[in-house]
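Content type mmCIF, C-alpha atoms, from the file run_2.cif:
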data_model
#
loop_
_atom_site.label_atom_id
_atom_site.label_comp_id
_atom_site.auth_asym_id
_atom_site.auth_seq_id
_atom_site.Cartn_x
_atom_site.Cartn_y
_atom_site.Cartn_z
CA MET A 19 0.00 0.00 0.00
CA SER A 20 1.43 3.37 -1.04
CA ILE A 21 1.60 6.40 1.22
CA GLU A 22 -0.88 8.21 -1.06
CA SER A 23 -3.48 5.44 -0.84
CA GLU A 24 -3.08 5.25 2.94
CA ILE A 25 -3.63 9.00 3.22
CA MET A 26 -6.75 8.73 1.07
CA ARG A 27 -8.07 5.89 3.25
CA ILE A 28 -7.55 7.93 6.43
CA GLN A 29 -9.21 10.98 4.89
CA LYS A 30 -12.21 8.89 3.88
CA ASN A 31 -12.49 7.45 7.39
CA ILE A 32 -12.44 10.97 8.83
CA ALA A 33 -15.12 12.13 6.39
CA ASP A 34 -17.30 9.09 7.17
CA THR A 35 -16.95 9.72 10.89
CA TYR A 36 -18.02 13.36 10.51
CA ALA A 37 -21.03 12.23 8.47
CA ALA A 38 -21.98 9.83 11.26
CA VAL A 39 -21.58 12.63 13.83
CA ALA A 40 -23.99 14.80 11.84
CA ASP A 41 -26.51 11.97 11.47
CA MET A 42 -26.50 11.44 15.23
CA GLY A 43 -27.10 15.10 16.00
CA GLY A 44 -23.51 16.08 16.82
CA THR A 45 -21.79 19.34 15.89
CA VAL A 46 -19.60 19.36 12.79
CA PRO A 47 -17.23 22.35 12.54
CA ALA A 48 -17.22 24.57 9.48
CA SER A 49 -13.72 23.35 8.60
CA PRO A 50 -13.53 19.76 9.88
CA THR A 51 -10.07 18.34 10.47
CA SER A 52 -8.63 15.28 12.18
CA ALA A 53 -7.70 17.48 15.16
CA SER A 54 -11.33 18.46 15.80
CA LEU A 55 -12.76 14.99 15.27
CA ALA A 56 -12.69 13.94 18.92
CA ALA A 57 -14.59 17.05 20.02
CA ALA A 58 -17.18 16.45 17.29
CA VAL A 59 -17.75 12.89 18.50
CA ARG A 60 -18.15 14.13 22.10
CA SER A 61 -20.82 16.58 20.91
CA ILE A 62 -23.21 13.74 20.01
CA PRO A 63 -26.20 14.01 22.38
CA ALA A 64 -26.57 11.35 25.03
CA GLY A 65 -28.86 8.56 23.93
CA SER A 66 -28.13 9.09 20.25
CA GLY A 67 -26.74 6.48 17.95
CA GLY A 68 -27.77 2.86 18.01
CA SER A 69 -28.70 0.77 15.01
CA GLU A 70 -31.87 2.68 14.11
CA PRO A 71 -31.38 5.22 11.31
CA VAL A 72 -32.60 8.79 11.63
CA GLY A 73 -36.26 8.92 10.60
CA THR A 74 -37.16 5.56 12.15
CA VAL A 75 -40.64 5.64 13.70
CA ILE A 76 -41.29 3.50 16.79
CA SER A 77 -44.34 2.67 18.88
CA TYR A 78 -43.48 3.58 22.47
CA MET A 79 -45.45 2.61 25.55
CA GLY A 80 -44.95 5.88 27.40
CA ALA A 81 -46.20 9.44 27.58
CA THR A 82 -42.90 11.10 26.56
CA ALA A 83 -40.39 10.17 23.86
CA PRO A 84 -37.24 8.25 24.86
CA ALA A 85 -33.75 9.71 24.47
CA GLY A 86 -32.80 10.37 20.86
CA TYR A 87 -36.45 10.45 19.71
CA LEU A 88 -39.17 13.08 19.36
CA SER A 89 -42.92 12.63 19.68
CA CYS A 90 -44.73 12.64 16.34
CA ASP A 91 -47.08 15.45 17.37
CA GLY A 92 -46.65 17.99 14.55
CA ALA A 93 -44.50 20.32 16.65
CA VAL A 94 -42.27 22.87 14.89
CA LYS A 95 -38.57 22.53 15.70
CA ASN A 96 -35.42 24.50 14.93
CA ILE A 97 -33.34 22.96 12.17
CA GLY A 98 -30.22 23.89 14.11
CA ASP A 99 -31.34 21.68 17.00
CA TYR A 100 -32.10 18.63 14.85
CA PRO A 101 -30.09 18.99 11.63
CA ALA A 102 -29.95 15.26 10.92
CA LEU A 103 -33.73 14.84 10.95
CA ALA A 104 -34.29 17.97 8.86
CA ARG A 105 -31.72 16.69 6.35
CA HIS A 106 -33.44 13.30 6.33
CA PHE A 107 -36.78 14.90 5.40
CA GLU A 108 -35.10 16.92 2.68
CA THR A 109 -33.33 13.88 1.25
CA GLN A 110 -36.17 11.37 1.49
CA LEU A 111 -39.26 13.57 1.10
CA GLY A 112 -37.99 16.48 -0.97
CA SER A 113 -37.91 19.31 1.58
CA ALA A 114 -37.04 19.91 5.21
CA ASN A 115 -40.46 21.51 5.75
CA TYR A 116 -42.42 18.60 4.24
CA PHE A 117 -44.59 18.56 7.38
CA GLY A 118 -44.42 22.30 8.08
CA GLY A 119 -42.05 25.05 9.17
CA ASP A 120 -40.30 27.52 6.90
CA GLY A 121 -37.65 25.06 5.67
CA THR A 122 -34.86 27.54 6.38
CA THR A 123 -34.66 27.76 10.15
CA THR A 124 -37.57 25.55 11.20
CA PHE A 125 -39.23 22.28 10.26
CA ALA A 126 -42.17 20.34 11.66
CA LEU A 127 -42.56 16.78 12.85
CA PRO A 128 -45.20 14.49 11.36
CA ASP A 129 -48.44 14.56 13.33
CA MET A 130 -49.36 10.92 13.89
CA ARG A 131 -51.70 11.38 16.82
CA ASN A 132 -54.89 9.29 16.56
CA LEU A 133 -53.60 7.57 13.40
CA PHE A 134 -52.95 3.99 12.30
CA LEU A 135 -49.99 3.25 10.03
CA ARG A 136 -50.21 1.64 6.60
CA GLY A 137 -47.58 0.25 4.27
CA TYR A 138 -46.61 2.48 1.34
CA HIS A 139 -47.86 1.15 -2.01
CA GLY A 140 -44.57 1.61 -3.88
CA SER A 141 -44.88 0.00 -7.33
CA ALA A 142 -48.06 -1.89 -6.36
CA ALA A 143 -51.62 -0.59 -6.75
CA ALA A 144 -51.86 2.89 -5.23
CA LEU A 145 -54.18 2.03 -2.34
CA SER A 146 -52.17 3.95 0.24
CA GLY A 147 -51.28 7.62 0.15
CA ASN A 148 -47.75 8.86 -0.43
CA ILE A 149 -45.23 8.50 2.38
CA GLY A 150 -45.98 10.94 5.18
CA LYS A 151 -49.37 11.94 3.75
CA LYS A 152 -52.54 11.45 5.79
CA GLN A 153 -55.27 9.35 4.19
CA GLU A 154 -58.79 10.06 5.39
CA ALA A 155 -61.05 7.31 6.73
CA THR A 156 -63.73 5.66 4.65
CA ASP A 157 -67.21 7.04 5.39
CA HIS A 158 -69.90 4.42 6.00
CA LEU A 159 -73.41 5.64 5.21
CA TYR A 160 -76.53 4.91 7.20
CA SER A 161 -79.98 6.42 7.19
CA ALA A 162 -81.01 8.85 9.90
CA GLY A 163 -84.73 8.18 9.53
CA THR A 164 -87.36 5.87 8.13
CA THR A 165 -88.72 5.66 4.61
CA THR A 166 -91.12 3.47 2.70
CA SER A 167 -88.20 2.48 0.49
CA HIS A 168 -85.44 0.05 1.28
CA ASN A 169 -82.69 2.12 2.84
CA PHE A 170 -79.01 1.37 2.46
CA PRO A 171 -78.42 0.32 5.16
CA ALA A 172 -81.61 0.33 7.29
CA SER A 173 -82.10 2.39 10.43
CA ASP A 174 -85.03 3.63 12.47
CA ASN A 175 -85.99 6.67 14.51
CA ALA A 176 -85.09 4.93 17.76
CA GLY A 177 -81.53 4.47 16.52
CA ARG A 178 -81.56 0.72 17.04
CA TRP A 179 -79.54 0.26 13.86
CA GLU A 180 -77.20 3.19 14.33
CA PRO A 181 -73.49 2.40 14.58
CA LYS A 182 -71.81 2.34 17.97
CA ASN A 183 -68.28 3.31 19.04
CA TYR A 184 -67.50 5.27 15.89
CA ASP A 185 -64.65 7.78 15.77
CA SER A 186 -66.64 10.46 13.96
CA ARG A 187 -70.08 11.07 12.47
CA LYS A 188 -71.28 13.76 10.11
CA ALA A 189 -74.31 14.77 8.12
CA ALA A 190 -74.34 13.65 4.49
CA PRO A 191 -77.62 14.65 2.79
CA TYR A 192 -77.35 12.40 -0.24
CA ARG A 193 -80.37 11.88 -2.49
CA GLY A 194 -81.52 8.44 -3.49
CA VAL A 195 -78.72 6.51 -1.79
CA TYR A 196 -80.92 3.51 -1.16
CA PHE A 197 -82.41 0.61 -3.07
CA THR A 198 -85.95 0.93 -4.41
CA ASP A 199 -87.91 -0.38 -7.35
CA ALA A 200 -90.13 2.68 -7.63
CA TRP A 201 -88.05 5.77 -6.82
CA ASP A 202 -89.43 8.73 -8.74
CA GLY A 203 -86.44 11.04 -8.17
CA THR A 204 -88.29 13.35 -5.80
CA TYR A 205 -87.60 11.66 -2.44
CA ASN A 206 -84.96 13.30 -0.28
CA ASN A 207 -83.86 11.58 2.92
CA GLY A 208 -81.23 12.78 5.40
CA TYR A 209 -78.28 10.45 5.74
CA LEU A 210 -75.33 10.36 8.13
CA SER A 211 -71.89 8.86 7.62
CA TYR A 212 -69.51 7.47 10.21
CA THR A 213 -65.95 6.17 10.40
CA ALA A 214 -65.17 2.73 11.85
CA ARG A 215 -62.19 1.51 13.84
CA PRO A 216 -60.82 -1.90 14.88
CA VAL A 217 -60.09 -2.88 18.48
CA ASN A 218 -56.93 -0.99 19.41
CA MET A 219 -54.54 0.21 22.10
CA ALA A 220 -52.87 3.62 22.10
CA VAL A 221 -49.08 4.05 21.95
CA LEU A 222 -46.86 7.08 21.44
CA TYR A 223 -45.37 7.29 17.94
CA CYS A 224 -41.83 8.66 18.09
CA ILE A 225 -39.27 9.44 15.38
CA LYS A 226 -35.49 9.03 15.62
CA ALA A 227 -34.03 12.52 15.57
CA GLY A 228 -30.32 11.91 15.87
#
Write out the structure in this file as structure tokens.
Amino acid sequence: MSIESEIMRIQKNIADTYAAVADMGGTVPASPTSASLAAAVRSIPAGSGGSEPVGTVISYMGATAPAGYLSCDGAVKNIGDYPALARHFETQLGSANYFGGDGTTTFALPDMRNLFLRGYHGSAAALSGNIGKKQEATDHLYSAGTTTSHNFPASDNAGRWEPKNYDSRKAAPYRGVYFTDAWDGTYNNGYLSYTARPVNMAVLYCIKAG
């Protein structure tokens, strides 16, 4: 091995170490050198590192995020405080302010409160939204009253057929959203829609920040 190749190997190792320092939230000097490398490594926040890459989202059974992570609550943060995560959003999602912030000095965290996660569709059928984009729930329709026609689905004034334990319900005054053999186009019934949910348990979604 020549002296030149050994120097190049050392320089690459130094550059790779500085890149790792930045990814783990440490401070990289404006003019990084081998002499300042040790101080840069010491600047990595406690609890950072580990095998999880920046941007990893975990389900945490606790009310506050563990060391090295931030709660996915939509909060706006200073880019200077979390440069690795802001750079991750810019690299993977196209901009540091993909979830909010001005993109110059601030960025926002994804707001995953009250949400379930779904696998990204990739090259398969586009059933999911794009990565990081919220997809609204499917509305299930039910009738708010009685009719002489066959409603879809049936309900009655006493609410015996109304859904229970829904997350949300809203008015949806559709016309003719029911089955009938003799609808003349003049009947107008008030309908409601609701969103359904499976049995679940709440956790705190957290994202690796550095």
With 5 Å added on each side, what axis-aligned box encloses every listed atom of stretch 85-94 of chain A? Give the centre and edge lengths in Å to one decimal, as lines of an AutoDock Vina configuration file.
center_x = -39.9
center_y = 16.3
center_z = 19.5
size_x = 24.3
size_y = 23.2
size_z = 19.9
A:Glu70, A:Asp185, A:Asp41, A:Glu108 ranked by distance to A:Ser211, top pick (using only C-alpha atoms): A:Asp185
Can you pull out the residues contacting stretch 78-83 of chain A? Cut-off 12 Å, using all atoms listed in the file, and skip same-chain residues under 2 positions away; I want them as a short mmCIF file (atom, residue, chain, number, x, y, z; two decimals) with C-alpha atoms, in the frame of the given file.
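Printed below is part.cif as written:
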data_model
loop_
_atom_site.label_atom_id
_atom_site.label_comp_id
_atom_site.auth_asym_id
_atom_site.auth_seq_id
_atom_site.Cartn_x
_atom_site.Cartn_y
_atom_site.Cartn_z
CA GLY A 65 -28.86 8.56 23.93
CA VAL A 75 -40.64 5.64 13.70
CA ILE A 76 -41.29 3.50 16.79
CA ALA A 85 -33.75 9.71 24.47
CA GLY A 86 -32.80 10.37 20.86
CA TYR A 87 -36.45 10.45 19.71
CA LEU A 88 -39.17 13.08 19.36
CA SER A 89 -42.92 12.63 19.68
CA CYS A 90 -44.73 12.64 16.34
CA ASP A 91 -47.08 15.45 17.37
CA MET A 219 -54.54 0.21 22.10
CA ALA A 220 -52.87 3.62 22.10
CA VAL A 221 -49.08 4.05 21.95
CA LEU A 222 -46.86 7.08 21.44
CA TYR A 223 -45.37 7.29 17.94
CA CYS A 224 -41.83 8.66 18.09
CA ILE A 225 -39.27 9.44 15.38
CA LYS A 226 -35.49 9.03 15.62
CA ALA A 227 -34.03 12.52 15.57
#
Expected answer as a list in words: all residues with atoms within 12 Å of (-53.1, 15.9, 4.9), all atoms listed in the file: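 Taken together, the residues in range are Gly92, Tyr116, Phe117, Gly118, Pro128, Asp129, Met130, Leu133, Gly147, Asn148, Ile149, Gly150, Lys151, Lys152, Gln153, Glu154 and Ala155 of chain A.
Relative to atom CA of A:His139, atom CA of A:Asp157 is found at 21.5 Å.
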Pairwise distance for atom CA of A:Gly43 and atom CA of A:Gly228, rounded to one decimal in Å: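 Computing it gives 4.5 Å between the two atoms.
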Shortest interatomic distance to A:Ala48 - which of A:Tyr36, A:Thr109, A:Asn31, A:Gly137, counting only C-alpha atoms: A:Tyr36
Å distance separating atom CA of A:Thr74 from atom CA of A:Ala58, one decimal place: 23.3 Å
Which residue of A:Asn115, A:Arg131, A:Tyr138, A:Tyr212 approaches A:His158 most closely, using only C-alpha atoms: A:Tyr212
List, as a JSON list (two decimals) with C-alpha atoms, in the frame of the given file, every residue that the PyMOL selection byres ((chain A and resi 96-98) around 12) selects in the file provided.
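Okay, this is what ended up in selection25.json:
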[["chain", "number", "residue", "atom", "x", "y", "z"],
["A", 40, "ALA", "CA", -23.99, 14.80, 11.84],
["A", 43, "GLY", "CA", -27.10, 15.10, 16.00],
["A", 44, "GLY", "CA", -23.51, 16.08, 16.82],
["A", 45, "THR", "CA", -21.79, 19.34, 15.89],
["A", 46, "VAL", "CA", -19.60, 19.36, 12.79],
["A", 93, "ALA", "CA", -44.50, 20.32, 16.65],
["A", 94, "VAL", "CA", -42.27, 22.87, 14.89],
["A", 95, "LYS", "CA", -38.57, 22.53, 15.70],
["A", 99, "ASP", "CA", -31.34, 21.68, 17.00],
["A", 100, "TYR", "CA", -32.10, 18.63, 14.85],
["A", 101, "PRO", "CA", -30.09, 18.99, 11.63],
["A", 102, "ALA", "CA", -29.95, 15.26, 10.92],
["A", 103, "LEU", "CA", -33.73, 14.84, 10.95],
["A", 104, "ALA", "CA", -34.29, 17.97, 8.86],
["A", 105, "ARG", "CA", -31.72, 16.69, 6.35],
["A", 106, "HIS", "CA", -33.44, 13.30, 6.33],
["A", 107, "PHE", "CA", -36.78, 14.90, 5.40],
["A", 108, "GLU", "CA", -35.10, 16.92, 2.68],
["A", 114, "ALA", "CA", -37.04, 19.91, 5.21],
["A", 115, "ASN", "CA", -40.46, 21.51, 5.75],
["A", 118, "GLY", "CA", -44.42, 22.30, 8.08],
["A", 119, "GLY", "CA", -42.05, 25.05, 9.17],
["A", 120, "ASP", "CA", -40.30, 27.52, 6.90],
["A", 121, "GLY", "CA", -37.65, 25.06, 5.67],
["A", 122, "THR", "CA", -34.86, 27.54, 6.38],
["A", 123, "THR", "CA", -34.66, 27.76, 10.15],
["A", 124, "THR", "CA", -37.57, 25.55, 11.20],
["A", 125, "PHE", "CA", -39.23, 22.28, 10.26],
["A", 126, "ALA", "CA", -42.17, 20.34, 11.66],
["A", 127, "LEU", "CA", -42.56, 16.78, 12.85],
["A", 227, "ALA", "CA", -34.03, 12.52, 15.57]]
Nearest candidate to A:Pro50 (options A:Thr35, A:Gly112, A:Ile62, A:Asn218; using all atoms listed in the file):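 Closest to A:Pro50 of all the choices is A:Thr35.
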Kindly write stretch 29-53 of chain A with N, CA, C and O atoms to a file, as an mmCIF file, in the first residue's frame.
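The result, stored in result_6.cif:
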data_model
loop_
_atom_site.group_PDB
_atom_site.id
_atom_site.type_symbol
_atom_site.label_atom_id
_atom_site.label_comp_id
_atom_site.auth_asym_id
_atom_site.auth_seq_id
_atom_site.Cartn_x
_atom_site.Cartn_y
_atom_site.Cartn_z
ATOM 1 N N GLN A 29 -8.330 9.832 5.148
ATOM 2 C CA GLN A 29 -9.207 10.978 4.886
ATOM 3 C C GLN A 29 -10.657 10.538 4.709
ATOM 4 O O GLN A 29 -11.578 11.200 5.188
ATOM 5 N N LYS A 30 -10.853 9.408 4.050
ATOM 6 C CA LYS A 30 -12.213 8.892 3.879
ATOM 7 C C LYS A 30 -12.805 8.477 5.223
ATOM 8 O O LYS A 30 -13.990 8.726 5.504
ATOM 9 N N ASN A 31 -12.013 7.849 6.072
ATOM 10 C CA ASN A 31 -12.494 7.448 7.390
ATOM 11 C C ASN A 31 -12.901 8.674 8.210
ATOM 12 O O ASN A 31 -13.918 8.646 8.927
ATOM 13 N N ILE A 32 -12.121 9.745 8.108
ATOM 14 C CA ILE A 32 -12.445 10.974 8.828
ATOM 15 C C ILE A 32 -13.752 11.555 8.309
ATOM 16 O O ILE A 32 -14.627 11.958 9.085
ATOM 17 N N ALA A 33 -13.897 11.590 6.982
ATOM 18 C CA ALA A 33 -15.123 12.131 6.389
ATOM 19 C C ALA A 33 -16.335 11.296 6.783
ATOM 20 O O ALA A 33 -17.411 11.835 7.093
ATOM 21 N N ASP A 34 -16.191 9.971 6.790
ATOM 22 C CA ASP A 34 -17.297 9.092 7.170
ATOM 23 C C ASP A 34 -17.670 9.290 8.635
ATOM 24 O O ASP A 34 -18.860 9.249 8.997
ATOM 25 N N THR A 35 -16.676 9.510 9.465
ATOM 26 C CA THR A 35 -16.948 9.725 10.890
ATOM 27 C C THR A 35 -17.694 11.033 11.104
ATOM 28 O O THR A 35 -18.642 11.101 11.893
ATOM 29 N N TYR A 36 -17.301 12.079 10.392
ATOM 30 C CA TYR A 36 -18.018 13.356 10.507
ATOM 31 C C TYR A 36 -19.461 13.212 10.019
ATOM 32 O O TYR A 36 -20.382 13.804 10.588
ATOM 33 N N ALA A 37 -19.665 12.445 8.956
ATOM 34 C CA ALA A 37 -21.026 12.226 8.467
ATOM 35 C C ALA A 37 -21.869 11.506 9.514
ATOM 36 O O ALA A 37 -23.049 11.842 9.724
ATOM 37 N N ALA A 38 -21.265 10.552 10.204
ATOM 38 C CA ALA A 38 -21.980 9.833 11.262
ATOM 39 C C ALA A 38 -22.286 10.763 12.434
ATOM 40 O O ALA A 38 -23.364 10.685 13.038
ATOM 41 N N VAL A 39 -21.358 11.641 12.754
ATOM 42 C CA VAL A 39 -21.580 12.628 13.826
ATOM 43 C C VAL A 39 -22.789 13.498 13.498
ATOM 44 O O VAL A 39 -23.660 13.738 14.339
ATOM 45 N N ALA A 40 -22.868 13.961 12.255
ATOM 46 C CA ALA A 40 -23.992 14.804 11.835
ATOM 47 C C ALA A 40 -25.305 14.036 11.905
ATOM 48 O O ALA A 40 -26.324 14.558 12.357
ATOM 49 N N ASP A 41 -25.303 12.778 11.457
ATOM 50 C CA ASP A 41 -26.514 11.968 11.474
ATOM 51 C C ASP A 41 -27.015 11.704 12.885
ATOM 52 O O ASP A 41 -28.218 11.516 13.104
ATOM 53 N N MET A 42 -26.107 11.700 13.850
ATOM 54 C CA MET A 42 -26.502 11.441 15.233
ATOM 55 C C MET A 42 -26.705 12.723 16.029
ATOM 56 O O MET A 42 -26.818 12.693 17.250
ATOM 57 N N GLY A 43 -26.777 13.852 15.328
ATOM 58 C CA GLY A 43 -27.096 15.103 15.997
ATOM 59 C C GLY A 43 -25.916 15.824 16.600
ATOM 60 O O GLY A 43 -26.106 16.783 17.365
ATOM 61 N N GLY A 44 -24.693 15.405 16.290
ATOM 62 C CA GLY A 44 -23.514 16.078 16.817
ATOM 63 C C GLY A 44 -23.191 17.349 16.041
ATOM 64 O O GLY A 44 -23.830 17.661 15.037
ATOM 65 N N THR A 45 -22.183 18.069 16.509
ATOM 66 C CA THR A 45 -21.793 19.337 15.889
ATOM 67 C C THR A 45 -20.558 19.137 15.010
ATOM 68 O O THR A 45 -19.510 18.692 15.487
ATOM 69 N N VAL A 46 -20.712 19.463 13.739
ATOM 70 C CA VAL A 46 -19.605 19.359 12.787
ATOM 71 C C VAL A 46 -19.075 20.771 12.538
ATOM 72 O O VAL A 46 -19.836 21.660 12.154
ATOM 73 N N PRO A 47 -17.785 21.008 12.749
ATOM 74 C CA PRO A 47 -17.234 22.348 12.540
ATOM 75 C C PRO A 47 -17.266 22.753 11.079
ATOM 76 O O PRO A 47 -17.370 21.909 10.183
ATOM 77 N N ALA A 48 -17.191 24.061 10.843
ATOM 78 C CA ALA A 48 -17.222 24.574 9.478
ATOM 79 C C ALA A 48 -16.056 24.046 8.656
ATOM 80 O O ALA A 48 -16.186 23.804 7.455
ATOM 81 N N SER A 49 -14.908 23.886 9.290
ATOM 82 C CA SER A 49 -13.717 23.351 8.605
ATOM 83 C C SER A 49 -13.236 22.118 9.360
ATOM 84 O O SER A 49 -12.320 22.193 10.189
ATOM 85 N N PRO A 50 -13.872 20.970 9.120
ATOM 86 C CA PRO A 50 -13.529 19.760 9.881
ATOM 87 C C PRO A 50 -12.132 19.247 9.563
ATOM 88 O O PRO A 50 -11.722 19.194 8.401
ATOM 89 N N THR A 51 -11.413 18.904 10.609
ATOM 90 C CA THR A 51 -10.075 18.335 10.466
ATOM 91 C C THR A 51 -9.950 17.149 11.411
ATOM 92 O O THR A 51 -10.814 16.913 12.261
ATOM 93 N N SER A 52 -8.858 16.418 11.285
ATOM 94 C CA SER A 52 -8.631 15.280 12.179
ATOM 95 C C SER A 52 -8.456 15.746 13.617
ATOM 96 O O SER A 52 -8.822 15.036 14.562
ATOM 97 N N ALA A 53 -7.928 16.964 13.812
ATOM 98 C CA ALA A 53 -7.700 17.482 15.157
ATOM 99 C C ALA A 53 -9.002 17.766 15.902
ATOM 100 O O ALA A 53 -9.062 17.662 17.131
#
